[in-house]
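Reproduced below: structure.txt, with compact mmCIF, N, CA and C atoms.
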```txt
# COMPACT_ATOMS: atom_id res chain seq x y z
N MET A 1 0.83 -1.18 0.00
CA MET A 1 0.00 0.00 0.00
C MET A 1 0.87 1.25 0.00
N HIS A 2 1.92 1.27 0.80
CA HIS A 2 2.80 2.43 0.89
C HIS A 2 3.41 2.72 -0.48
N CYS A 3 3.81 1.69 -1.18
CA CYS A 3 4.43 1.85 -2.50
C CYS A 3 3.43 2.48 -3.48
N ARG A 4 2.20 2.03 -3.45
CA ARG A 4 1.16 2.58 -4.33
C ARG A 4 0.94 4.06 -4.05
N LEU A 5 0.86 4.40 -2.79
CA LEU A 5 0.63 5.78 -2.41
C LEU A 5 1.77 6.66 -2.89
N ASP A 6 3.01 6.20 -2.69
CA ASP A 6 4.15 6.96 -3.18
C ASP A 6 4.09 7.12 -4.69
N GLY A 7 3.75 6.04 -5.38
CA GLY A 7 3.65 6.09 -6.83
C GLY A 7 2.61 7.10 -7.27
N TYR A 8 1.47 7.11 -6.58
CA TYR A 8 0.41 8.06 -6.91
C TYR A 8 0.89 9.48 -6.66
N MET A 9 1.52 9.70 -5.52
CA MET A 9 1.99 11.04 -5.18
C MET A 9 3.04 11.50 -6.19
N GLU A 10 3.91 10.60 -6.58
CA GLU A 10 4.95 10.93 -7.53
C GLU A 10 4.33 11.33 -8.87
N LEU A 11 3.38 10.56 -9.34
CA LEU A 11 2.71 10.84 -10.59
C LEU A 11 1.95 12.16 -10.49
N HIS A 12 1.25 12.34 -9.39
CA HIS A 12 0.48 13.57 -9.18
C HIS A 12 1.42 14.77 -9.13
N TRP A 13 2.52 14.70 -8.41
CA TRP A 13 3.48 15.80 -8.32
C TRP A 13 4.09 16.09 -9.68
N HIS A 14 4.42 15.03 -10.43
CA HIS A 14 4.97 15.22 -11.77
C HIS A 14 3.98 15.97 -12.66
N HIS A 15 2.71 15.61 -12.58
CA HIS A 15 1.67 16.26 -13.38
C HIS A 15 1.55 17.74 -13.00
N ILE A 16 1.58 18.04 -11.72
CA ILE A 16 1.50 19.42 -11.26
C ILE A 16 2.69 20.21 -11.75
N MET A 17 3.89 19.66 -11.63
CA MET A 17 5.09 20.37 -12.08
C MET A 17 5.06 20.61 -13.58
N GLN A 18 4.55 19.65 -14.33
CA GLN A 18 4.45 19.81 -15.78
C GLN A 18 3.52 20.97 -16.11
N ILE A 19 2.40 21.09 -15.42
CA ILE A 19 1.46 22.18 -15.64
C ILE A 19 2.11 23.51 -15.26
N LEU A 20 2.77 23.56 -14.10
CA LEU A 20 3.36 24.81 -13.63
C LEU A 20 4.51 25.28 -14.52
N LEU A 21 5.25 24.36 -15.12
CA LEU A 21 6.39 24.73 -15.92
C LEU A 21 6.05 24.88 -17.40
N GLU A 22 4.81 24.57 -17.76
CA GLU A 22 4.41 24.67 -19.15
C GLU A 22 4.24 26.13 -19.53
N GLY A 23 4.97 26.56 -20.51
CA GLY A 23 4.91 27.95 -20.93
C GLY A 23 3.94 28.15 -22.07
N LYS A 24 3.72 29.42 -22.36
CA LYS A 24 2.87 29.81 -23.48
C LYS A 24 3.79 30.37 -24.56
N SER A 25 3.70 29.79 -25.74
CA SER A 25 4.53 30.22 -26.85
C SER A 25 4.02 31.55 -27.39
N VAL A 26 4.95 32.46 -27.66
CA VAL A 26 4.62 33.76 -28.23
C VAL A 26 4.77 33.65 -29.74
N GLN A 27 3.72 33.97 -30.47
CA GLN A 27 3.73 33.83 -31.92
C GLN A 27 4.03 35.13 -32.65
N GLU A 28 3.51 36.24 -32.15
CA GLU A 28 3.64 37.55 -32.77
C GLU A 28 5.08 38.03 -32.78
N SER A 29 5.61 38.32 -33.96
CA SER A 29 7.00 38.75 -34.10
C SER A 29 7.28 40.06 -33.35
N SER A 30 6.34 41.00 -33.42
CA SER A 30 6.54 42.29 -32.74
C SER A 30 6.54 42.12 -31.22
N THR A 31 5.75 41.19 -30.72
CA THR A 31 5.71 40.92 -29.28
C THR A 31 7.02 40.28 -28.84
N LYS A 32 7.56 39.38 -29.64
CA LYS A 32 8.86 38.77 -29.34
C LYS A 32 9.93 39.85 -29.22
N ASP A 33 9.92 40.80 -30.17
CA ASP A 33 10.89 41.89 -30.15
C ASP A 33 10.78 42.72 -28.88
N VAL A 34 9.54 43.02 -28.47
CA VAL A 34 9.32 43.81 -27.25
C VAL A 34 9.85 43.06 -26.04
N TYR A 35 9.56 41.76 -25.95
CA TYR A 35 10.03 40.97 -24.81
C TYR A 35 11.55 40.92 -24.77
N LEU A 36 12.19 40.81 -25.92
CA LEU A 36 13.66 40.80 -25.95
C LEU A 36 14.22 42.15 -25.49
N GLU A 37 13.58 43.24 -25.89
CA GLU A 37 14.01 44.57 -25.43
C GLU A 37 13.86 44.69 -23.92
N ILE A 38 12.75 44.18 -23.40
CA ILE A 38 12.51 44.23 -21.96
C ILE A 38 13.57 43.40 -21.22
N LEU A 39 13.86 42.21 -21.74
CA LEU A 39 14.88 41.36 -21.10
C LEU A 39 16.26 41.98 -21.14
N ALA A 40 16.52 42.80 -22.16
CA ALA A 40 17.83 43.45 -22.28
C ALA A 40 18.00 44.60 -21.29
N ASP A 41 16.91 45.06 -20.69
CA ASP A 41 16.95 46.19 -19.77
C ASP A 41 17.10 45.71 -18.33
N LYS A 42 18.19 46.09 -17.67
CA LYS A 42 18.46 45.61 -16.32
C LYS A 42 17.41 46.06 -15.31
N TYR A 43 16.83 47.25 -15.50
CA TYR A 43 15.81 47.73 -14.57
C TYR A 43 14.53 46.90 -14.70
N SER A 44 14.14 46.60 -15.92
CA SER A 44 12.94 45.78 -16.13
C SER A 44 13.13 44.38 -15.55
N ARG A 45 14.31 43.80 -15.78
CA ARG A 45 14.59 42.48 -15.20
C ARG A 45 14.56 42.53 -13.68
N GLY A 46 15.12 43.58 -13.11
CA GLY A 46 15.12 43.73 -11.65
C GLY A 46 13.72 43.82 -11.08
N ILE A 47 12.87 44.59 -11.75
CA ILE A 47 11.48 44.74 -11.29
C ILE A 47 10.74 43.42 -11.38
N LEU A 48 10.89 42.71 -12.49
CA LEU A 48 10.21 41.41 -12.63
C LEU A 48 10.68 40.43 -11.56
N GLU A 49 11.97 40.41 -11.31
CA GLU A 49 12.50 39.49 -10.29
C GLU A 49 12.03 39.89 -8.89
N ALA A 50 12.05 41.17 -8.59
CA ALA A 50 11.69 41.65 -7.25
C ALA A 50 10.21 41.45 -6.94
N THR A 51 9.38 41.37 -7.97
CA THR A 51 7.93 41.25 -7.75
C THR A 51 7.39 39.85 -8.04
N MET A 52 8.28 38.91 -8.18
CA MET A 52 7.85 37.55 -8.52
C MET A 52 7.03 36.90 -7.40
N GLU A 53 7.45 37.08 -6.17
CA GLU A 53 6.79 36.42 -5.04
C GLU A 53 5.82 37.33 -4.29
N MET A 54 6.15 38.61 -4.24
CA MET A 54 5.35 39.53 -3.43
C MET A 54 5.15 40.86 -4.15
N PRO A 55 3.94 41.41 -4.14
CA PRO A 55 3.73 42.71 -4.78
C PRO A 55 4.48 43.81 -4.03
N LYS A 56 4.94 44.81 -4.80
CA LYS A 56 5.70 45.91 -4.21
C LYS A 56 5.29 47.22 -4.86
N SER A 57 5.48 48.30 -4.12
CA SER A 57 5.20 49.63 -4.64
C SER A 57 6.37 50.10 -5.49
N ALA A 58 6.16 51.15 -6.27
CA ALA A 58 7.23 51.71 -7.09
C ALA A 58 8.36 52.24 -6.20
N ILE A 59 8.00 52.81 -5.06
CA ILE A 59 9.02 53.32 -4.13
C ILE A 59 9.86 52.16 -3.59
N ASP A 60 9.19 51.07 -3.20
CA ASP A 60 9.93 49.88 -2.74
C ASP A 60 10.85 49.35 -3.83
N LEU A 61 10.36 49.31 -5.08
CA LEU A 61 11.17 48.83 -6.20
C LEU A 61 12.37 49.74 -6.44
N SER A 62 12.13 51.04 -6.34
CA SER A 62 13.21 52.01 -6.52
C SER A 62 14.31 51.77 -5.49
N ASN A 63 13.93 51.62 -4.24
CA ASN A 63 14.90 51.40 -3.17
C ASN A 63 15.59 50.04 -3.28
N GLU A 64 14.79 49.00 -3.48
CA GLU A 64 15.32 47.64 -3.50
C GLU A 64 16.22 47.37 -4.71
N CYS A 65 15.86 47.92 -5.86
CA CYS A 65 16.58 47.64 -7.10
C CYS A 65 17.59 48.72 -7.46
N GLY A 66 17.62 49.79 -6.68
CA GLY A 66 18.55 50.88 -6.99
C GLY A 66 18.19 51.61 -8.27
N ILE A 67 16.90 51.80 -8.48
CA ILE A 67 16.39 52.45 -9.69
C ILE A 67 15.88 53.84 -9.31
N PRO A 68 16.23 54.87 -10.08
CA PRO A 68 15.62 56.18 -9.81
C PRO A 68 14.09 56.07 -9.86
N ILE A 69 13.40 56.79 -8.99
CA ILE A 69 11.94 56.64 -8.86
C ILE A 69 11.21 56.91 -10.18
N SER A 70 11.64 57.92 -10.93
CA SER A 70 10.96 58.22 -12.21
C SER A 70 11.15 57.05 -13.19
N THR A 71 12.32 56.43 -13.18
CA THR A 71 12.58 55.27 -14.04
C THR A 71 11.74 54.09 -13.59
N ALA A 72 11.61 53.90 -12.29
CA ALA A 72 10.78 52.80 -11.76
C ALA A 72 9.34 52.94 -12.25
N TYR A 73 8.79 54.16 -12.18
CA TYR A 73 7.42 54.38 -12.65
C TYR A 73 7.29 54.12 -14.15
N ARG A 74 8.27 54.56 -14.93
CA ARG A 74 8.21 54.32 -16.38
C ARG A 74 8.28 52.82 -16.69
N ARG A 75 9.16 52.11 -15.98
CA ARG A 75 9.30 50.67 -16.24
C ARG A 75 8.05 49.90 -15.83
N VAL A 76 7.46 50.22 -14.69
CA VAL A 76 6.25 49.47 -14.30
C VAL A 76 5.12 49.74 -15.29
N GLN A 77 5.04 50.95 -15.82
CA GLN A 77 4.03 51.25 -16.85
C GLN A 77 4.28 50.42 -18.11
N LEU A 78 5.54 50.35 -18.53
CA LEU A 78 5.90 49.57 -19.71
C LEU A 78 5.59 48.09 -19.49
N LEU A 79 6.00 47.55 -18.35
CA LEU A 79 5.76 46.13 -18.05
C LEU A 79 4.28 45.82 -17.94
N HIS A 80 3.51 46.74 -17.38
CA HIS A 80 2.05 46.54 -17.29
C HIS A 80 1.42 46.60 -18.67
N LYS A 81 1.84 47.53 -19.49
CA LYS A 81 1.32 47.68 -20.85
C LYS A 81 1.48 46.38 -21.64
N HIS A 82 2.59 45.69 -21.43
CA HIS A 82 2.86 44.45 -22.15
C HIS A 82 2.45 43.21 -21.35
N LYS A 83 1.60 43.43 -20.34
CA LYS A 83 0.98 42.35 -19.55
C LYS A 83 1.98 41.47 -18.80
N LEU A 84 3.11 42.06 -18.42
CA LEU A 84 4.10 41.33 -17.65
C LEU A 84 4.01 41.64 -16.16
N LEU A 85 3.31 42.72 -15.80
CA LEU A 85 3.09 43.09 -14.39
C LEU A 85 1.62 43.28 -14.14
N GLY A 86 1.16 42.79 -13.01
CA GLY A 86 -0.19 43.06 -12.56
C GLY A 86 -0.17 44.22 -11.58
N ILE A 87 -1.26 44.95 -11.51
CA ILE A 87 -1.36 46.10 -10.60
C ILE A 87 -2.57 45.92 -9.70
N SER A 88 -2.36 46.17 -8.41
CA SER A 88 -3.47 46.23 -7.46
C SER A 88 -3.33 47.54 -6.71
N GLY A 89 -4.43 48.10 -6.29
CA GLY A 89 -4.39 49.38 -5.61
C GLY A 89 -5.25 49.39 -4.38
N SER A 90 -4.97 50.38 -3.54
CA SER A 90 -5.73 50.54 -2.32
C SER A 90 -5.58 51.98 -1.85
N ILE A 91 -6.22 52.30 -0.76
CA ILE A 91 -6.11 53.62 -0.16
C ILE A 91 -5.59 53.44 1.26
N ASN A 92 -4.54 54.21 1.60
CA ASN A 92 -3.96 54.05 2.93
C ASN A 92 -4.77 54.84 3.97
N GLN A 93 -4.32 54.83 5.20
CA GLN A 93 -5.06 55.47 6.30
C GLN A 93 -5.17 56.98 6.14
N ASP A 94 -4.24 57.58 5.38
CA ASP A 94 -4.27 59.01 5.14
C ASP A 94 -5.17 59.37 3.96
N GLY A 95 -5.80 58.39 3.35
CA GLY A 95 -6.68 58.63 2.22
C GLY A 95 -5.96 58.72 0.88
N LYS A 96 -4.68 58.37 0.86
CA LYS A 96 -3.91 58.42 -0.38
C LYS A 96 -3.96 57.07 -1.09
N LYS A 97 -4.06 57.14 -2.43
CA LYS A 97 -4.04 55.92 -3.23
C LYS A 97 -2.60 55.43 -3.34
N TYR A 98 -2.45 54.12 -3.36
CA TYR A 98 -1.15 53.53 -3.65
C TYR A 98 -1.35 52.27 -4.47
N PHE A 99 -0.34 51.94 -5.25
CA PHE A 99 -0.42 50.79 -6.13
C PHE A 99 0.71 49.82 -5.83
N LEU A 100 0.39 48.54 -5.96
CA LEU A 100 1.39 47.48 -5.80
C LEU A 100 1.49 46.73 -7.11
N TYR A 101 2.70 46.32 -7.43
CA TYR A 101 2.96 45.65 -8.70
C TYR A 101 3.50 44.25 -8.44
N LYS A 102 3.02 43.30 -9.26
CA LYS A 102 3.46 41.91 -9.11
C LYS A 102 3.68 41.29 -10.49
N SER A 103 4.77 40.57 -10.62
CA SER A 103 5.10 39.93 -11.89
C SER A 103 4.00 38.93 -12.27
N ARG A 104 3.59 38.99 -13.52
CA ARG A 104 2.61 38.03 -14.04
C ARG A 104 3.32 36.83 -14.66
N ILE A 105 4.64 36.84 -14.64
CA ILE A 105 5.40 35.74 -15.24
C ILE A 105 6.40 35.17 -14.25
N LYS A 106 6.68 33.89 -14.39
CA LYS A 106 7.75 33.24 -13.63
C LYS A 106 9.05 33.25 -14.43
N SER A 107 8.91 33.12 -15.75
CA SER A 107 10.11 33.15 -16.59
C SER A 107 9.74 33.43 -18.04
N ILE A 108 10.73 33.92 -18.76
CA ILE A 108 10.65 34.07 -20.21
C ILE A 108 11.84 33.30 -20.77
N MET A 109 11.56 32.38 -21.68
CA MET A 109 12.62 31.59 -22.28
C MET A 109 12.71 31.93 -23.76
N THR A 110 13.93 32.13 -24.23
CA THR A 110 14.13 32.43 -25.64
C THR A 110 15.11 31.43 -26.24
N CYS A 111 14.92 31.19 -27.52
CA CYS A 111 15.80 30.28 -28.24
C CYS A 111 15.87 30.73 -29.69
N PHE A 112 17.07 30.89 -30.19
CA PHE A 112 17.28 31.21 -31.60
C PHE A 112 17.78 29.95 -32.27
N ARG A 113 16.93 29.38 -33.15
CA ARG A 113 17.25 28.09 -33.75
C ARG A 113 16.86 28.09 -35.23
N ASN A 114 17.78 27.71 -36.07
CA ASN A 114 17.54 27.61 -37.51
C ASN A 114 16.96 28.91 -38.08
N GLY A 115 17.48 30.03 -37.65
CA GLY A 115 17.04 31.32 -38.16
C GLY A 115 15.70 31.79 -37.61
N SER A 116 15.17 31.08 -36.64
CA SER A 116 13.87 31.42 -36.07
C SER A 116 14.00 31.69 -34.57
N LEU A 117 13.33 32.71 -34.11
CA LEU A 117 13.33 33.06 -32.70
C LEU A 117 12.10 32.48 -32.03
N GLU A 118 12.31 31.71 -30.97
CA GLU A 118 11.21 31.16 -30.19
C GLU A 118 11.21 31.84 -28.83
N VAL A 119 10.04 32.26 -28.38
CA VAL A 119 9.89 32.90 -27.08
C VAL A 119 8.73 32.21 -26.37
N GLU A 120 8.98 31.82 -25.13
CA GLU A 120 7.95 31.14 -24.34
C GLU A 120 7.88 31.79 -22.97
N ILE A 121 6.66 32.02 -22.49
CA ILE A 121 6.45 32.64 -21.19
C ILE A 121 5.81 31.64 -20.24
N VAL A 122 6.36 31.53 -19.04
CA VAL A 122 5.76 30.71 -17.99
C VAL A 122 5.04 31.66 -17.04
N PRO A 123 3.70 31.55 -16.97
CA PRO A 123 2.93 32.47 -16.12
C PRO A 123 3.22 32.29 -14.64
N ASN A 124 3.02 33.36 -13.90
CA ASN A 124 3.15 33.34 -12.45
C ASN A 124 1.76 33.03 -11.89
N TYR A 125 1.55 31.79 -11.50
CA TYR A 125 0.23 31.37 -11.03
C TYR A 125 -0.07 31.87 -9.63
N ASP A 126 0.91 32.53 -8.98
CA ASP A 126 0.67 33.09 -7.65
C ASP A 126 -0.12 34.39 -7.71
N ILE A 127 -0.30 34.94 -8.89
CA ILE A 127 -0.95 36.25 -9.03
C ILE A 127 -2.45 36.08 -9.22
N GLU A 128 -3.20 36.99 -8.67
CA GLU A 128 -4.65 36.92 -8.73
C GLU A 128 -5.20 37.54 -10.01
N ASN A 129 -4.63 38.66 -10.48
CA ASN A 129 -5.21 39.34 -11.66
C ASN A 129 -4.39 39.14 -12.90
```
Could I get this file's structure written as structure tokens?
Amino acid sequence: MHCRLDGYMELHWHHIMQILLEGKSVQESSTKDVYLEILADKYSRGILEATMEMPKSAIDLSNECGIPISTAYRRVQLLHKHKLLGISGSINQDGKKYFLYKSRIKSIMTCFRNGSLEVEIVPNYDIEN
């Protein structure tokens, strides 16, 4: 019985990992180009990495990633525009609005093979929106 249970758990875990690691292929050439530009930018990479597990404000990202605040705001807008960052907002005790940003992706994989560029995105299933 113990062996069967382990076998079931192993199969079940393998199936879950396969689903979690399965990426979505990007077909649009212009979208591939945008993603490559984003990956080439150290600030954009820093923001995506910093927001992978927990949402953060632009001020937090600026401090944590060593990015000027105006650059942090421009990058989060760019990443949100291309659906790589999710945004949630709230109002603090002083009545001021604030926004938190969270990566919508776990990874972007690229491959240049036989003259063709392949881009695959693995979604961040920890995000709600």
**Request:** To one decimal in Å, tell me the separation between CA of Cys111 (chain A) and CA of Met54 (chain A).
**Result:**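 Pair CA of Cys111 (chain A) / CA of Met54 (chain A) returns 28.5 Å.
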**Request:** Rank A:Tyr101, A:Phe112, A:Tyr125, A:Tyr35 by their smallest atom-to-atom distance to Pro55 (chain A), using only N, CA and C atoms, and report the top residue only.
**Result:**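 Distance minimum relative to Pro55 (chain A) lands on A:Tyr101.
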**Request:** Write out as a PyMOL selection string all residues of region 32-106 of chain A that backbone DSSP assigns to alpha helix (DSSP H).
**Result:** chain A and resi 32-40+42-50+58-65+69-81
**Request:** Figure out the distance between CA of Thr51 (chain A) and CA of Arg104 (chain A), please, to one decimal in Å.
**Result:**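 Between CA of Arg104 (chain A) and CA of Thr51 (chain A) the gap works out to 8.8 Å.
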Will you model N, CA, C and O atoms for region 71-93 of chain A and pass it back as a PDB file, in the coordinates of the input?
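The resulting file, rebuild-v3.pdb, is reproduced below:
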```
ATOM      1  N   THR A  71      12.320  56.430 -13.180  1.00  0.00           N
ATOM      2  CA  THR A  71      12.580  55.270 -14.040  1.00  0.00           C
ATOM      3  C   THR A  71      11.740  54.090 -13.590  1.00  0.00           C
ATOM      4  O   THR A  71      11.194  53.352 -14.426  1.00  0.00           O
ATOM      5  N   ALA A  72      11.610  53.900 -12.290  1.00  0.00           N
ATOM      6  CA  ALA A  72      10.780  52.800 -11.760  1.00  0.00           C
ATOM      7  C   ALA A  72       9.340  52.940 -12.250  1.00  0.00           C
ATOM      8  O   ALA A  72       8.728  51.966 -12.697  1.00  0.00           O
ATOM      9  N   TYR A  73       8.790  54.160 -12.180  1.00  0.00           N
ATOM     10  CA  TYR A  73       7.420  54.380 -12.650  1.00  0.00           C
ATOM     11  C   TYR A  73       7.290  54.120 -14.150  1.00  0.00           C
ATOM     12  O   TYR A  73       6.319  53.501 -14.597  1.00  0.00           O
ATOM     13  N   ARG A  74       8.270  54.560 -14.930  1.00  0.00           N
ATOM     14  CA  ARG A  74       8.210  54.320 -16.380  1.00  0.00           C
ATOM     15  C   ARG A  74       8.280  52.820 -16.690  1.00  0.00           C
ATOM     16  O   ARG A  74       7.559  52.321 -17.553  1.00  0.00           O
ATOM     17  N   ARG A  75       9.160  52.110 -15.980  1.00  0.00           N
ATOM     18  CA  ARG A  75       9.300  50.670 -16.240  1.00  0.00           C
ATOM     19  C   ARG A  75       8.050  49.900 -15.830  1.00  0.00           C
ATOM     20  O   ARG A  75       7.634  48.990 -16.548  1.00  0.00           O
ATOM     21  N   VAL A  76       7.460  50.220 -14.690  1.00  0.00           N
ATOM     22  CA  VAL A  76       6.250  49.470 -14.300  1.00  0.00           C
ATOM     23  C   VAL A  76       5.120  49.740 -15.290  1.00  0.00           C
ATOM     24  O   VAL A  76       4.331  48.843 -15.596  1.00  0.00           O
ATOM     25  N   GLN A  77       5.040  50.950 -15.820  1.00  0.00           N
ATOM     26  CA  GLN A  77       4.030  51.250 -16.850  1.00  0.00           C
ATOM     27  C   GLN A  77       4.280  50.420 -18.110  1.00  0.00           C
ATOM     28  O   GLN A  77       3.355  49.853 -18.684  1.00  0.00           O
ATOM     29  N   LEU A  78       5.540  50.350 -18.530  1.00  0.00           N
ATOM     30  CA  LEU A  78       5.900  49.570 -19.710  1.00  0.00           C
ATOM     31  C   LEU A  78       5.590  48.090 -19.490  1.00  0.00           C
ATOM     32  O   LEU A  78       4.978  47.433 -20.342  1.00  0.00           O
ATOM     33  N   LEU A  79       6.000  47.550 -18.350  1.00  0.00           N
ATOM     34  CA  LEU A  79       5.760  46.130 -18.050  1.00  0.00           C
ATOM     35  C   LEU A  79       4.280  45.820 -17.940  1.00  0.00           C
ATOM     36  O   LEU A  79       3.822  44.755 -18.375  1.00  0.00           O
ATOM     37  N   HIS A  80       3.510  46.740 -17.380  1.00  0.00           N
ATOM     38  CA  HIS A  80       2.050  46.540 -17.290  1.00  0.00           C
ATOM     39  C   HIS A  80       1.420  46.600 -18.670  1.00  0.00           C
ATOM     40  O   HIS A  80       0.547  45.787 -19.004  1.00  0.00           O
ATOM     41  N   LYS A  81       1.840  47.530 -19.490  1.00  0.00           N
ATOM     42  CA  LYS A  81       1.320  47.680 -20.850  1.00  0.00           C
ATOM     43  C   LYS A  81       1.480  46.380 -21.640  1.00  0.00           C
ATOM     44  O   LYS A  81       0.612  46.000 -22.419  1.00  0.00           O
ATOM     45  N   HIS A  82       2.590  45.690 -21.430  1.00  0.00           N
ATOM     46  CA  HIS A  82       2.860  44.450 -22.150  1.00  0.00           C
ATOM     47  C   HIS A  82       2.450  43.210 -21.350  1.00  0.00           C
ATOM     48  O   HIS A  82       2.892  42.092 -21.650  1.00  0.00           O
ATOM     49  N   LYS A  83       1.600  43.430 -20.340  1.00  0.00           N
ATOM     50  CA  LYS A  83       0.980  42.350 -19.550  1.00  0.00           C
ATOM     51  C   LYS A  83       1.980  41.470 -18.800  1.00  0.00           C
ATOM     52  O   LYS A  83       1.743  40.296 -18.562  1.00  0.00           O
ATOM     53  N   LEU A  84       3.110  42.060 -18.420  1.00  0.00           N
ATOM     54  CA  LEU A  84       4.100  41.330 -17.650  1.00  0.00           C
ATOM     55  C   LEU A  84       4.010  41.640 -16.160  1.00  0.00           C
ATOM     56  O   LEU A  84       4.564  40.910 -15.343  1.00  0.00           O
ATOM     57  N   LEU A  85       3.310  42.720 -15.800  1.00  0.00           N
ATOM     58  CA  LEU A  85       3.090  43.090 -14.390  1.00  0.00           C
ATOM     59  C   LEU A  85       1.620  43.280 -14.140  1.00  0.00           C
ATOM     60  O   LEU A  85       0.916  43.871 -14.964  1.00  0.00           O
ATOM     61  N   GLY A  86       1.160  42.790 -13.010  1.00  0.00           N
ATOM     62  CA  GLY A  86      -0.190  43.060 -12.560  1.00  0.00           C
ATOM     63  C   GLY A  86      -0.170  44.220 -11.580  1.00  0.00           C
ATOM     64  O   GLY A  86       0.849  44.466 -10.928  1.00  0.00           O
ATOM     65  N   ILE A  87      -1.260  44.950 -11.510  1.00  0.00           N
ATOM     66  CA  ILE A  87      -1.360  46.100 -10.600  1.00  0.00           C
ATOM     67  C   ILE A  87      -2.570  45.920  -9.700  1.00  0.00           C
ATOM     68  O   ILE A  87      -3.648  45.571 -10.159  1.00  0.00           O
ATOM     69  N   SER A  88      -2.360  46.170  -8.410  1.00  0.00           N
ATOM     70  CA  SER A  88      -3.470  46.230  -7.460  1.00  0.00           C
ATOM     71  C   SER A  88      -3.330  47.540  -6.710  1.00  0.00           C
ATOM     72  O   SER A  88      -2.227  48.055  -6.539  1.00  0.00           O
ATOM     73  N   GLY A  89      -4.430  48.100  -6.290  1.00  0.00           N
ATOM     74  CA  GLY A  89      -4.390  49.380  -5.610  1.00  0.00           C
ATOM     75  C   GLY A  89      -5.250  49.390  -4.380  1.00  0.00           C
ATOM     76  O   GLY A  89      -6.119  48.557  -4.201  1.00  0.00           O
ATOM     77  N   SER A  90      -4.970  50.380  -3.540  1.00  0.00           N
ATOM     78  CA  SER A  90      -5.730  50.540  -2.320  1.00  0.00           C
ATOM     79  C   SER A  90      -5.580  51.980  -1.850  1.00  0.00           C
ATOM     80  O   SER A  90      -4.873  52.777  -2.471  1.00  0.00           O
ATOM     81  N   ILE A  91      -6.220  52.300  -0.760  1.00  0.00           N
ATOM     82  CA  ILE A  91      -6.110  53.620  -0.160  1.00  0.00           C
ATOM     83  C   ILE A  91      -5.590  53.440   1.260  1.00  0.00           C
ATOM     84  O   ILE A  91      -6.102  52.635   2.023  1.00  0.00           O
ATOM     85  N   ASN A  92      -4.540  54.210   1.600  1.00  0.00           N
ATOM     86  CA  ASN A  92      -3.960  54.050   2.930  1.00  0.00           C
ATOM     87  C   ASN A  92      -4.770  54.840   3.970  1.00  0.00           C
ATOM     88  O   ASN A  92      -5.788  55.464   3.640  1.00  0.00           O
ATOM     89  N   GLN A  93      -4.320  54.830   5.200  1.00  0.00           N
ATOM     90  CA  GLN A  93      -5.060  55.470   6.300  1.00  0.00           C
ATOM     91  C   GLN A  93      -5.170  56.980   6.140  1.00  0.00           C
ATOM     92  O   GLN A  93      -6.083  57.597   6.660  1.00  0.00           O
TER      93      GLN A  93
END
```
